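K.L.:
Take this structure first; my questions come after.
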Amino acid sequence: MITLALSKGRIFDETLPLLKAAGIEVLENPDTSRKLILTTNQPGVRVLLVRATDVPTYVEHGGADLGVTGKDTLIEHGGQGLYQPLDLQIAQCRVSVAVRADFDYASAIRQGSRLKVATKYTAIAREFFASKGVHVDLIKLYGSMELAPLTGLADAIVDLVSTGNTLKANHLIEVERIMDISSRLVVNQAALKLKRAAIRPLLDAFSRAIAASETP
Ligand code: ATP
Ligand code: PRP
């Protein structure tokens with residue numbers, strides 16, 4: 001049996017075509033079922049539904065053999081004990097710094113002001129501002145980061161941006177792009193050795209599907 005950890009929503013939805021290319025079809029719909037362990041058309045493959053931020057933890061500790069997780073989540077987790085064989089090129093976005101449209105970020109940086117930065121991505125933010133030599137007070141949040149500059153909780157946020165619609169709807173502007181993000185396949189290192197015969201064909205099928213989706 002191989003167990004794949006996925007999070008509901010875009011990662012589940014965008015992984016389905018890759019699974020299909022490997023001949024795997026999930027037999028239950030997570031939007032209508034309350035089940036957390038989903039069966040597939042392959043008796044030897046099952047899918048666990050976990051919170052996006054918990055995927056690396058499940059795979060690290062062997063609760064799942066494989067998982068799909070954003071590079072953002074992986075950096076924050078640290079990636080210990082995980083083999084990262086493939087960039088699946090799904091759930092593409094970027095991590096950026098955003099501020100209120102009326103906040104002069106450039107001059108705050110120039111003047112060496114200490115910035116209050118709210119984010120779920122404290123490791124990424126700490127490393128980014130340290131590399132720029134900017135002093136920051138980080139405020140850890142778990143969601144709705146956009147509210148922080150609007151309420152005076154913070155001067156800036158570090159958050160995911162894709163279309164930019166969320167920033168725009170909250171009168172925020174993107175002032176720095178920190179890094180591009182996509183989702184990775186992560187594999188438990190022991191499982192890769194012990195279940196190689198089952199995992200290897202899956203990796204090969206995923207690689208072929210990614211290569212095919214890149215070809216114009
Ligand atoms: P949790 O439930 O643990 O708080 P989450 O709500 O961030 O996680 P999702 O919104 O499903 O979970 O995001 C999962 C991953 O998808 C993120 O880690 C990121 O890599 C990517 N992602 C998030 N938002 C977007 C977006 N707007 N466009 C493209 N990819 C995104
Ligand atoms: C993510 C992220 C941003 C938003 C950015 O949230 O935390 O708030 O997407 O995407 P945008 O630039 O396209 O607006 P969430 O997972 O809630 O996004 P969703 O509403 O697409 O699910």
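In the structure tokens, chains take the letters A, B, ... in the order shown, each chain's residues start at 1, and ligands count up from 1 in the order shown.
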Counting only C-alpha atoms and all ligand atoms, which protein, DNA or RNA residues come within 8 Å of ligand 1, given as a ChimeraX atom specification?
P.N.:
/A:7-11,51-54,69-73,90-94,142-143,160-163,181-183
K.L.:
Would you mind exporting C-alpha atoms of the selected residues as an mmCIF file, in the first residue's frame?
P.N.:
data_model
loop_
_atom_site.group_PDB
_atom_site.id
_atom_site.type_symbol
_atom_site.label_atom_id
_atom_site.label_comp_id
_atom_site.auth_asym_id
_atom_site.auth_seq_id
_atom_site.Cartn_x
_atom_site.Cartn_y
_atom_site.Cartn_z
ATOM 1 C CA SER A 7 -4.660 19.057 0.947
ATOM 2 C CA LYS A 8 -8.192 19.866 -0.156
ATOM 3 C CA GLY A 9 -8.669 22.590 -2.732
ATOM 4 C CA ARG A 10 -6.189 23.644 -5.369
ATOM 5 C CA ILE A 11 -3.494 21.065 -4.529
ATOM 6 C CA ARG A 51 -4.172 20.492 6.129
ATOM 7 C CA ALA A 52 -1.758 22.008 3.589
ATOM 8 C CA THR A 53 0.729 22.931 6.331
ATOM 9 C CA ASP A 54 0.611 19.368 7.739
ATOM 10 C CA THR A 69 3.097 20.588 -0.902
ATOM 11 C CA GLY A 70 3.859 24.193 -1.852
ATOM 12 C CA LYS A 71 7.492 25.325 -1.833
ATOM 13 C CA ASP A 72 6.364 28.008 0.662
ATOM 14 C CA THR A 73 5.126 25.363 3.116
ATOM 15 C CA ILE A 90 1.123 23.244 -10.095
ATOM 16 C CA ALA A 91 -0.395 25.822 -7.701
ATOM 17 C CA GLN A 92 1.905 28.489 -9.103
ATOM 18 C CA CYS A 93 2.129 31.821 -7.323
ATOM 19 C CA ARG A 94 4.769 33.983 -5.638
ATOM 20 C CA TYR A 142 -2.335 32.251 10.342
ATOM 21 C CA GLY A 143 -4.549 33.888 7.703
ATOM 22 C CA LEU A 160 1.180 34.693 -1.512
ATOM 23 C CA VAL A 161 0.134 36.547 -4.637
ATOM 24 C CA SER A 162 -1.231 35.024 -7.815
ATOM 25 C CA THR A 163 -3.594 37.247 -9.813
ATOM 26 C CA ILE A 181 6.296 29.213 -5.731
ATOM 27 C CA SER A 182 4.980 25.949 -7.124
ATOM 28 C CA SER A 183 4.151 22.631 -5.523
#
K.L.:
Might you pull out every residue within 10 Å of Tyr105 in chain A, with only C-alpha atoms counted and same-chain residues fewer than 5 positions away left off, and present them as a PyMOL selection string?
P.N.:
chain A and resi 97-100+110-111+113+115+155-156+175-176
K.L.:
Would you pick out the contacts of Gln189 in chain A at 7 Å or less, using only C-alpha atoms, so that residues sharing its chain but fewer than 2 positions from it are not included, and give the list as a list in words?
P.N.:
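Neighbouring residues, sequence-local ones excluded: Gly81, Leu82, Tyr83, Val187, Ala191, Leu192 and Lys193 of chain A.
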K.L.:
Using only C-alpha atoms and all ligand atoms, which residue out of A:Thr57, A:Thr119, A:Thr3, A:Gln80 lies closest to ligand 2?
P.N.:
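Among A:Thr57, A:Thr119, A:Thr3, A:Gln80, it is A:Thr119 that comes nearest to ligand 2.
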K.L.:
Restricting the calculation to only C-alpha atoms, which member of A:Ala190, A:Ala125, A:Ala22, A:Leu147 is positioned closest to Val59 in chain A?
P.N.:
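The closest residue to Val59 in chain A is A:Ala190.
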K.L.:
With distances taken over only C-alpha atoms, which of A:Val47, A:Ala123, A:Leu74, A:Leu18 is nearest to Met1 in chain A?
P.N.:
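Of A:Val47, A:Ala123, A:Leu74, A:Leu18, the one nearest Met1 in chain A, counting only C-alpha atoms, is A:Val47.
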K.L.:
Once DSSP has gone over the backbone, tell me which residues of chain A are in strand (DSSP E), as a PDB file with N, CA, C and O atoms, in the first residue's frame.
P.N.:
ATOM      1  N   ILE A   2       0.621   2.192  -0.917  1.00  0.00           N
ATOM      2  CA  ILE A   2       1.277   3.492  -0.785  1.00  0.00           C
ATOM      3  C   ILE A   2       0.226   4.570  -0.484  1.00  0.00           C
ATOM      4  O   ILE A   2      -0.893   4.534  -0.977  1.00  0.00           O
ATOM      5  N   THR A   3       0.640   5.505   0.381  1.00  0.00           N
ATOM      6  CA  THR A   3      -0.273   6.522   0.888  1.00  0.00           C
ATOM      7  C   THR A   3       0.234   7.904   0.477  1.00  0.00           C
ATOM      8  O   THR A   3       1.402   8.234   0.730  1.00  0.00           O
ATOM      9  N   LEU A   4      -0.661   8.661  -0.148  1.00  0.00           N
ATOM     10  CA  LEU A   4      -0.307   9.993  -0.661  1.00  0.00           C
ATOM     11  C   LEU A   4      -1.087  11.045   0.131  1.00  0.00           C
ATOM     12  O   LEU A   4      -2.311  10.967   0.220  1.00  0.00           O
ATOM     13  N   ALA A   5      -0.382  12.016   0.715  1.00  0.00           N
ATOM     14  CA  ALA A   5      -1.053  13.083   1.471  1.00  0.00           C
ATOM     15  C   ALA A   5      -1.275  14.299   0.571  1.00  0.00           C
ATOM     16  O   ALA A   5      -0.339  14.795  -0.059  1.00  0.00           O
ATOM     17  N   LEU A   6      -2.526  14.745   0.529  1.00  0.00           N
ATOM     18  CA  LEU A   6      -2.882  15.925  -0.268  1.00  0.00           C
ATOM     19  C   LEU A   6      -3.722  16.853   0.597  1.00  0.00           C
ATOM     20  O   LEU A   6      -4.384  16.392   1.527  1.00  0.00           O
ATOM     21  N   ILE A  37      -9.715   9.479   4.459  1.00  0.00           N
ATOM     22  CA  ILE A  37      -8.894   8.516   3.718  1.00  0.00           C
ATOM     23  C   ILE A  37      -9.705   8.111   2.491  1.00  0.00           C
ATOM     24  O   ILE A  37     -10.805   7.558   2.618  1.00  0.00           O
ATOM     25  N   LEU A  38      -9.180   8.465   1.337  1.00  0.00           N
ATOM     26  CA  LEU A  38      -9.930   8.223   0.100  1.00  0.00           C
ATOM     27  C   LEU A  38      -9.340   7.032  -0.647  1.00  0.00           C
ATOM     28  O   LEU A  38      -8.109   6.901  -0.751  1.00  0.00           O
ATOM     29  N   THR A  39     -10.218   6.198  -1.162  1.00  0.00           N
ATOM     30  CA  THR A  39      -9.743   5.050  -1.940  1.00  0.00           C
ATOM     31  C   THR A  39      -9.539   5.477  -3.397  1.00  0.00           C
ATOM     32  O   THR A  39     -10.081   6.504  -3.837  1.00  0.00           O
ATOM     33  N   VAL A  45      -3.141   1.944  -3.616  1.00  0.00           N
ATOM     34  CA  VAL A  45      -2.876   3.391  -3.468  1.00  0.00           C
ATOM     35  C   VAL A  45      -4.057   4.056  -2.768  1.00  0.00           C
ATOM     36  O   VAL A  45      -5.209   3.854  -3.148  1.00  0.00           O
ATOM     37  N   ARG A  46      -3.779   4.830  -1.724  1.00  0.00           N
ATOM     38  CA  ARG A  46      -4.842   5.601  -1.064  1.00  0.00           C
ATOM     39  C   ARG A  46      -4.370   7.042  -0.848  1.00  0.00           C
ATOM     40  O   ARG A  46      -3.170   7.318  -0.851  1.00  0.00           O
ATOM     41  N   VAL A  47      -5.355   7.922  -0.638  1.00  0.00           N
ATOM     42  CA  VAL A  47      -5.054   9.352  -0.492  1.00  0.00           C
ATOM     43  C   VAL A  47      -5.524   9.812   0.885  1.00  0.00           C
ATOM     44  O   VAL A  47      -6.658   9.530   1.293  1.00  0.00           O
ATOM     45  N   LEU A  48      -4.658  10.514   1.620  1.00  0.00           N
ATOM     46  CA  LEU A  48      -5.044  11.115   2.908  1.00  0.00           C
ATOM     47  C   LEU A  48      -5.311  12.591   2.675  1.00  0.00           C
ATOM     48  O   LEU A  48      -4.533  13.255   2.002  1.00  0.00           O
ATOM     49  N   LEU A  49      -6.365  13.117   3.270  1.00  0.00           N
ATOM     50  CA  LEU A  49      -6.622  14.559   3.190  1.00  0.00           C
ATOM     51  C   LEU A  49      -6.134  15.211   4.465  1.00  0.00           C
ATOM     52  O   LEU A  49      -6.649  14.917   5.554  1.00  0.00           O
ATOM     53  N   LEU A  66       4.115   9.658   0.504  1.00  0.00           N
ATOM     54  CA  LEU A  66       4.370  10.785  -0.394  1.00  0.00           C
ATOM     55  C   LEU A  66       3.364  11.890  -0.098  1.00  0.00           C
ATOM     56  O   LEU A  66       2.320  11.633   0.505  1.00  0.00           O
ATOM     57  N   GLY A  67       3.667  13.082  -0.605  1.00  0.00           N
ATOM     58  CA  GLY A  67       2.717  14.181  -0.453  1.00  0.00           C
ATOM     59  C   GLY A  67       2.979  15.239  -1.502  1.00  0.00           C
ATOM     60  O   GLY A  67       4.028  15.224  -2.163  1.00  0.00           O
ATOM     61  N   VAL A  68       2.022  16.149  -1.634  1.00  0.00           N
ATOM     62  CA  VAL A  68       2.208  17.285  -2.535  1.00  0.00           C
ATOM     63  C   VAL A  68       2.067  18.548  -1.691  1.00  0.00           C
ATOM     64  O   VAL A  68       1.076  18.719  -0.977  1.00  0.00           O
ATOM     65  N   THR A  69       3.077  19.416  -1.779  1.00  0.00           N
ATOM     66  CA  THR A  69       3.097  20.588  -0.902  1.00  0.00           C
ATOM     67  C   THR A  69       3.760  21.777  -1.595  1.00  0.00           C
ATOM     68  O   THR A  69       4.686  21.593  -2.392  1.00  0.00           O
ATOM     69  N   GLY A  70       3.280  22.974  -1.277  1.00  0.00           N
ATOM     70  CA  GLY A  70       3.859  24.193  -1.852  1.00  0.00           C
ATOM     71  C   GLY A  70       5.285  24.399  -1.353  1.00  0.00           C
ATOM     72  O   GLY A  70       5.625  24.052  -0.218  1.00  0.00           O
ATOM     73  N   LEU A  82      12.853  14.632   4.086  1.00  0.00           N
ATOM     74  CA  LEU A  82      12.031  14.538   2.875  1.00  0.00           C
ATOM     75  C   LEU A  82      12.898  14.514   1.628  1.00  0.00           C
ATOM     76  O   LEU A  82      13.809  15.336   1.479  1.00  0.00           O
ATOM     77  N   TYR A  83      12.581  13.584   0.746  1.00  0.00           N
ATOM     78  CA  TYR A  83      13.208  13.559  -0.566  1.00  0.00           C
ATOM     79  C   TYR A  83      12.281  14.368  -1.471  1.00  0.00           C
ATOM     80  O   TYR A  83      11.060  14.225  -1.402  1.00  0.00           O
ATOM     81  N   GLN A  84      12.867  15.265  -2.272  1.00  0.00           N
ATOM     82  CA  GLN A  84      12.033  16.167  -3.091  1.00  0.00           C
ATOM     83  C   GLN A  84      12.349  15.963  -4.566  1.00  0.00           C
ATOM     84  O   GLN A  84      13.074  16.752  -5.164  1.00  0.00           O
ATOM     85  N   PRO A  85      11.830  14.892  -5.159  1.00  0.00           N
ATOM     86  CA  PRO A  85      12.277  14.546  -6.497  1.00  0.00           C
ATOM     87  C   PRO A  85      11.701  15.389  -7.631  1.00  0.00           C
ATOM     88  O   PRO A  85      12.325  15.488  -8.684  1.00  0.00           O
ATOM     89  N   LEU A  86      10.530  16.008  -7.430  1.00  0.00           N
ATOM     90  CA  LEU A  86       9.881  16.649  -8.590  1.00  0.00           C
ATOM     91  C   LEU A  86       9.209  17.962  -8.246  1.00  0.00           C
ATOM     92  O   LEU A  86       8.484  18.063  -7.251  1.00  0.00           O
ATOM     93  N   ASP A  87       9.450  18.960  -9.111  1.00  0.00           N
ATOM     94  CA  ASP A  87       8.640  20.176  -9.096  1.00  0.00           C
ATOM     95  C   ASP A  87       7.450  19.891 -10.008  1.00  0.00           C
ATOM     96  O   ASP A  87       7.622  19.702 -11.218  1.00  0.00           O
ATOM     97  N   CYS A  93       2.368  30.475  -7.837  1.00  0.00           N
ATOM     98  CA  CYS A  93       2.129  31.821  -7.323  1.00  0.00           C
ATOM     99  C   CYS A  93       3.486  32.388  -6.907  1.00  0.00           C
ATOM    100  O   CYS A  93       4.514  31.876  -7.343  1.00  0.00           O
ATOM    101  N   ARG A  94       3.496  33.427  -6.112  1.00  0.00           N
ATOM    102  CA  ARG A  94       4.769  33.983  -5.638  1.00  0.00           C
ATOM    103  C   ARG A  94       4.587  34.476  -4.213  1.00  0.00           C
ATOM    104  O   ARG A  94       3.454  34.731  -3.788  1.00  0.00           O
ATOM    105  N   VAL A  95       5.697  34.594  -3.493  1.00  0.00           N
ATOM    106  CA  VAL A  95       5.650  35.215  -2.167  1.00  0.00           C
ATOM    107  C   VAL A  95       6.142  36.645  -2.343  1.00  0.00           C
ATOM    108  O   VAL A  95       7.210  36.861  -2.932  1.00  0.00           O
ATOM    109  N   SER A  96       5.357  37.588  -1.864  1.00  0.00           N
ATOM    110  CA  SER A  96       5.701  38.998  -2.067  1.00  0.00           C
ATOM    111  C   SER A  96       5.531  39.805  -0.791  1.00  0.00           C
ATOM    112  O   SER A  96       4.867  39.368   0.151  1.00  0.00           O
ATOM    113  N   VAL A  97       6.123  40.998  -0.815  1.00  0.00           N
ATOM    114  CA  VAL A  97       5.886  41.980   0.246  1.00  0.00           C
ATOM    115  C   VAL A  97       4.827  42.941  -0.279  1.00  0.00           C
ATOM    116  O   VAL A  97       4.914  43.402  -1.426  1.00  0.00           O
ATOM    117  N   ALA A  98       3.817  43.229   0.558  1.00  0.00           N
ATOM    118  CA  ALA A  98       2.787  44.194   0.157  1.00  0.00           C
ATOM    119  C   ALA A  98       2.554  45.183   1.293  1.00  0.00           C
ATOM    120  O   ALA A  98       2.735  44.850   2.471  1.00  0.00           O
ATOM    121  N   VAL A  99       2.164  46.403   0.893  1.00  0.00           N
ATOM    122  CA  VAL A  99       1.909  47.471   1.875  1.00  0.00           C
ATOM    123  C   VAL A  99       0.647  48.225   1.462  1.00  0.00           C
ATOM    124  O   VAL A  99       0.162  48.058   0.340  1.00  0.00           O
ATOM    125  N   ARG A 100       0.169  49.087   2.348  1.00  0.00           N
ATOM    126  CA  ARG A 100      -0.939  49.975   1.972  1.00  0.00           C
ATOM    127  C   ARG A 100      -0.456  50.902   0.867  1.00  0.00           C
ATOM    128  O   ARG A 100       0.704  51.339   0.875  1.00  0.00           O
ATOM    129  N   LEU A 115      10.720  47.875  10.453  1.00  0.00           N
ATOM    130  CA  LEU A 115       9.399  47.593   9.877  1.00  0.00           C
ATOM    131  C   LEU A 115       8.661  46.534  10.678  1.00  0.00           C
ATOM    132  O   LEU A 115       9.259  45.536  11.086  1.00  0.00           O
ATOM    133  N   LYS A 116       7.352  46.749  10.850  1.00  0.00           N
ATOM    134  CA  LYS A 116       6.512  45.692  11.437  1.00  0.00           C
ATOM    135  C   LYS A 116       5.926  44.890  10.286  1.00  0.00           C
ATOM    136  O   LYS A 116       5.233  45.450   9.429  1.00  0.00           O
ATOM    137  N   VAL A 117       6.234  43.602  10.260  1.00  0.00           N
ATOM    138  CA  VAL A 117       5.819  42.757   9.134  1.00  0.00           C
ATOM    139  C   VAL A 117       4.974  41.593   9.642  1.00  0.00           C
ATOM    140  O   VAL A 117       5.431  40.805  10.476  1.00  0.00           O
ATOM    141  N   ALA A 118       3.742  41.505   9.150  1.00  0.00           N
ATOM    142  CA  ALA A 118       2.862  40.398   9.554  1.00  0.00           C
ATOM    143  C   ALA A 118       2.888  39.321   8.479  1.00  0.00           C
ATOM    144  O   ALA A 118       2.840  39.624   7.286  1.00  0.00           O
ATOM    145  N   THR A 119       2.976  38.067   8.905  1.00  0.00           N
ATOM    146  CA  THR A 119       3.050  36.984   7.927  1.00  0.00           C
ATOM    147  C   THR A 119       2.815  35.615   8.557  1.00  0.00           C
ATOM    148  O   THR A 119       3.022  35.420   9.756  1.00  0.00           O
ATOM    149  N   VAL A 136      13.397  44.042  11.107  1.00  0.00           N
ATOM    150  CA  VAL A 136      11.942  43.841  11.137  1.00  0.00           C
ATOM    151  C   VAL A 136      11.494  43.237  12.464  1.00  0.00           C
ATOM    152  O   VAL A 136      12.227  42.486  13.101  1.00  0.00           O
ATOM    153  N   ASP A 137      10.271  43.592  12.845  1.00  0.00           N
ATOM    154  CA  ASP A 137       9.583  42.881  13.927  1.00  0.00           C
ATOM    155  C   ASP A 137       8.544  42.028  13.235  1.00  0.00           C
ATOM    156  O   ASP A 137       7.646  42.568  12.567  1.00  0.00           O
ATOM    157  N   LEU A 138       8.686  40.698  13.349  1.00  0.00           N
ATOM    158  CA  LEU A 138       7.752  39.806  12.661  1.00  0.00           C
ATOM    159  C   LEU A 138       6.564  39.500  13.566  1.00  0.00           C
ATOM    160  O   LEU A 138       6.727  39.223  14.749  1.00  0.00           O
ATOM    161  N   ILE A 139       5.380  39.552  12.976  1.00  0.00           N
ATOM    162  CA  ILE A 139       4.146  39.213  13.703  1.00  0.00           C
ATOM    163  C   ILE A 139       3.552  38.003  13.005  1.00  0.00           C
ATOM    164  O   ILE A 139       3.196  38.078  11.820  1.00  0.00           O
ATOM    165  N   LYS A 140       3.487  36.878  13.725  1.00  0.00           N
ATOM    166  CA  LYS A 140       2.992  35.642  13.108  1.00  0.00           C
ATOM    167  C   LYS A 140       1.464  35.654  13.031  1.00  0.00           C
ATOM    168  O   LYS A 140       0.785  35.841  14.045  1.00  0.00           O
ATOM    169  N   ALA A 156       3.701  46.151   6.809  1.00  0.00           N
ATOM    170  CA  ALA A 156       3.803  45.362   5.578  1.00  0.00           C
ATOM    171  C   ALA A 156       3.386  43.929   5.861  1.00  0.00           C
ATOM    172  O   ALA A 156       3.360  43.500   7.020  1.00  0.00           O
ATOM    173  N   ILE A 157       3.057  43.206   4.791  1.00  0.00           N
ATOM    174  CA  ILE A 157       2.807  41.766   4.933  1.00  0.00           C
ATOM    175  C   ILE A 157       3.710  41.016   3.956  1.00  0.00           C
ATOM    176  O   ILE A 157       4.148  41.578   2.945  1.00  0.00           O
ATOM    177  N   VAL A 158       3.967  39.762   4.280  1.00  0.00           N
ATOM    178  CA  VAL A 158       4.605  38.849   3.335  1.00  0.00           C
ATOM    179  C   VAL A 158       3.578  37.759   3.103  1.00  0.00           C
ATOM    180  O   VAL A 158       3.177  37.059   4.038  1.00  0.00           O
ATOM    181  N   ASP A 159       3.092  37.664   1.857  1.00  0.00           N
ATOM    182  CA  ASP A 159       1.996  36.717   1.574  1.00  0.00           C
ATOM    183  C   ASP A 159       2.088  36.217   0.142  1.00  0.00           C
ATOM    184  O   ASP A 159       2.884  36.722  -0.652  1.00  0.00           O
ATOM    185  N   LEU A 160       1.233  35.241  -0.166  1.00  0.00           N
ATOM    186  CA  LEU A 160       1.180  34.693  -1.512  1.00  0.00           C
ATOM    187  C   LEU A 160       0.373  35.620  -2.413  1.00  0.00           C
ATOM    188  O   LEU A 160      -0.649  36.170  -1.982  1.00  0.00           O
ATOM    189  N   VAL A 161       0.848  35.762  -3.629  1.00  0.00           N
ATOM    190  CA  VAL A 161       0.134  36.547  -4.637  1.00  0.00           C
ATOM    191  C   VAL A 161       0.065  35.710  -5.906  1.00  0.00           C
ATOM    192  O   VAL A 161       1.051  35.072  -6.288  1.00  0.00           O
ATOM    193  N   LEU A 172      -4.054  47.178  -1.253  1.00  0.00           N
ATOM    194  CA  LEU A 172      -2.640  46.964  -0.955  1.00  0.00           C
ATOM    195  C   LEU A 172      -1.880  46.873  -2.281  1.00  0.00           C
ATOM    196  O   LEU A 172      -2.453  46.501  -3.307  1.00  0.00           O
ATOM    197  N   ILE A 173      -0.580  47.204  -2.220  1.00  0.00           N
ATOM    198  CA  ILE A 173       0.238  47.078  -3.436  1.00  0.00           C
ATOM    199  C   ILE A 173       1.446  46.201  -3.157  1.00  0.00           C
ATOM    200  O   ILE A 173       1.994  46.190  -2.053  1.00  0.00           O
ATOM    201  N   GLU A 174       1.843  45.482  -4.203  1.00  0.00           N
ATOM    202  CA  GLU A 174       2.995  44.576  -4.109  1.00  0.00           C
ATOM    203  C   GLU A 174       4.254  45.416  -4.313  1.00  0.00           C
ATOM    204  O   GLU A 174       4.373  46.086  -5.341  1.00  0.00           O
ATOM    205  N   VAL A 175       5.176  45.389  -3.351  1.00  0.00           N
ATOM    206  CA  VAL A 175       6.376  46.219  -3.487  1.00  0.00           C
ATOM    207  C   VAL A 175       7.649  45.400  -3.707  1.00  0.00           C
ATOM    208  O   VAL A 175       8.667  45.947  -4.123  1.00  0.00           O
ATOM    209  N   GLU A 176       7.611  44.106  -3.405  1.00  0.00           N
ATOM    210  CA  GLU A 176       8.779  43.249  -3.668  1.00  0.00           C
ATOM    211  C   GLU A 176       8.277  41.847  -3.947  1.00  0.00           C
ATOM    212  O   GLU A 176       7.393  41.353  -3.249  1.00  0.00           O
ATOM    213  N   ARG A 177       8.905  41.199  -4.927  1.00  0.00           N
ATOM    214  CA  ARG A 177       8.655  39.773  -5.161  1.00  0.00           C
ATOM    215  C   ARG A 177       9.790  39.013  -4.506  1.00  0.00           C
ATOM    216  O   ARG A 177      10.956  39.234  -4.855  1.00  0.00           O
ATOM    217  N   ILE A 178       9.471  38.152  -3.572  1.00  0.00           N
ATOM    218  CA  ILE A 178      10.537  37.430  -2.860  1.00  0.00           C
ATOM    219  C   ILE A 178      10.928  36.166  -3.612  1.00  0.00           C
ATOM    220  O   ILE A 178      12.101  35.912  -3.868  1.00  0.00           O
ATOM    221  N   MET A 179       9.966  35.345  -3.970  1.00  0.00           N
ATOM    222  CA  MET A 179      10.297  34.121  -4.726  1.00  0.00           C
ATOM    223  C   MET A 179       9.068  33.543  -5.421  1.00  0.00           C
ATOM    224  O   MET A 179       7.940  33.774  -4.986  1.00  0.00           O
ATOM    225  N   ASP A 180       9.335  32.818  -6.501  1.00  0.00           N
ATOM    226  CA  ASP A 180       8.263  32.097  -7.194  1.00  0.00           C
ATOM    227  C   ASP A 180       8.003  30.798  -6.464  1.00  0.00           C
ATOM    228  O   ASP A 180       8.927  30.170  -5.933  1.00  0.00           O
ATOM    229  N   ILE A 181       6.733  30.405  -6.462  1.00  0.00           N
ATOM    230  CA  ILE A 181       6.296  29.213  -5.731  1.00  0.00           C
ATOM    231  C   ILE A 181       5.563  28.267  -6.672  1.00  0.00           C
ATOM    232  O   ILE A 181       4.794  28.706  -7.528  1.00  0.00           O
ATOM    233  N   SER A 183       4.220  23.750  -6.474  1.00  0.00           N
ATOM    234  CA  SER A 183       4.151  22.631  -5.523  1.00  0.00           C
ATOM    235  C   SER A 183       5.096  21.511  -5.916  1.00  0.00           C
ATOM    236  O   SER A 183       5.373  21.284  -7.096  1.00  0.00           O
ATOM    237  N   ARG A 184       5.602  20.849  -4.900  1.00  0.00           N
ATOM    238  CA  ARG A 184       6.593  19.768  -5.065  1.00  0.00           C
ATOM    239  C   ARG A 184       6.008  18.447  -4.614  1.00  0.00           C
ATOM    240  O   ARG A 184       5.172  18.416  -3.699  1.00  0.00           O
ATOM    241  N   LEU A 185       6.523  17.374  -5.210  1.00  0.00           N
ATOM    242  CA  LEU A 185       6.244  16.051  -4.661  1.00  0.00           C
ATOM    243  C   LEU A 185       7.284  15.809  -3.577  1.00  0.00           C
ATOM    244  O   LEU A 185       8.475  16.050  -3.799  1.00  0.00           O
ATOM    245  N   VAL A 186       6.855  15.384  -2.401  1.00  0.00           N
ATOM    246  CA  VAL A 186       7.809  15.035  -1.346  1.00  0.00           C
ATOM    247  C   VAL A 186       7.607  13.562  -0.989  1.00  0.00           C
ATOM    248  O   VAL A 186       6.483  13.065  -1.006  1.00  0.00           O
ATOM    249  N   VAL A 187       8.730  12.893  -0.715  1.00  0.00           N
ATOM    250  CA  VAL A 187       8.675  11.449  -0.463  1.00  0.00           C
ATOM    251  C   VAL A 187       9.428  11.149   0.825  1.00  0.00           C
ATOM    252  O   VAL A 187      10.509  11.700   1.065  1.00  0.00           O
ATOM    253  N   ASN A 188       8.850  10.293   1.656  1.00  0.00           N
ATOM    254  CA  ASN A 188       9.532   9.828   2.869  1.00  0.00           C
ATOM    255  C   ASN A 188      10.748   9.005   2.449  1.00  0.00           C
ATOM    256  O   ASN A 188      10.638   8.112   1.595  1.00  0.00           O
TER     257      ASN A 188
END
K.L.:
Rank A:Lys168, A:Lys20, A:Lys35, A:Arg126 by their smallest atom-to-atom distance to ligand 2, using only C-alpha atoms and all ligand atoms, and report the top residue only.
P.N.:
A:Lys168
K.L.:
If you run DSSP on the backbone here, which positions in range 79-212 of chain A get helix (DSSP H, G or I)? Please write them as a ChimeraX atom specification.
P.N.:
/A:105-110,122-132,147-151,165-169,189-194,196-212
K.L.:
Check the smallest atom-to-atom distance from each of A:Asp104, A:Ala198, A:Glu127, A:Asp13 to ligand 2 using only C-alpha atoms and all ligand atoms, then report the winner.
P.N.:
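Of A:Asp104, A:Ala198, A:Glu127, A:Asp13, the one nearest ligand 2, counting only C-alpha atoms and all ligand atoms, is A:Asp13.
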K.L.:
What does the distance from CA of Pro149 in chain A to CA of Gly78 in chain A come to in Å, to one decimal?
P.N.:
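According to the coordinates, CA of Pro149 in chain A and CA of Gly78 in chain A are separated by 27.8 Å.
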K.L.:
Provide the CA of Arg114 in chain A to CA of His135 in chain A distance in Å, to one decimal place.
P.N.:
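Atom-to-atom, CA of Arg114 in chain A to CA of His135 in chain A, that is 5.1 Å.
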K.L.:
Between A:Leu194, A:Met145, A:Ile210, A:Ala205, which is the closest to ligand 2 once you count only C-alpha atoms and all ligand atoms?
P.N.:
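Comparing A:Leu194, A:Met145, A:Ile210, A:Ala205 against ligand 2, the winner is A:Met145.
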K.L.:
Can you work out the spacing between CA of Asn165 in chain A and CA of Ala148 in chain A in Å, to one decimal?
P.N.:
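Going from CA of Asn165 in chain A over to CA of Ala148 in chain A, I get 17.0 Å.
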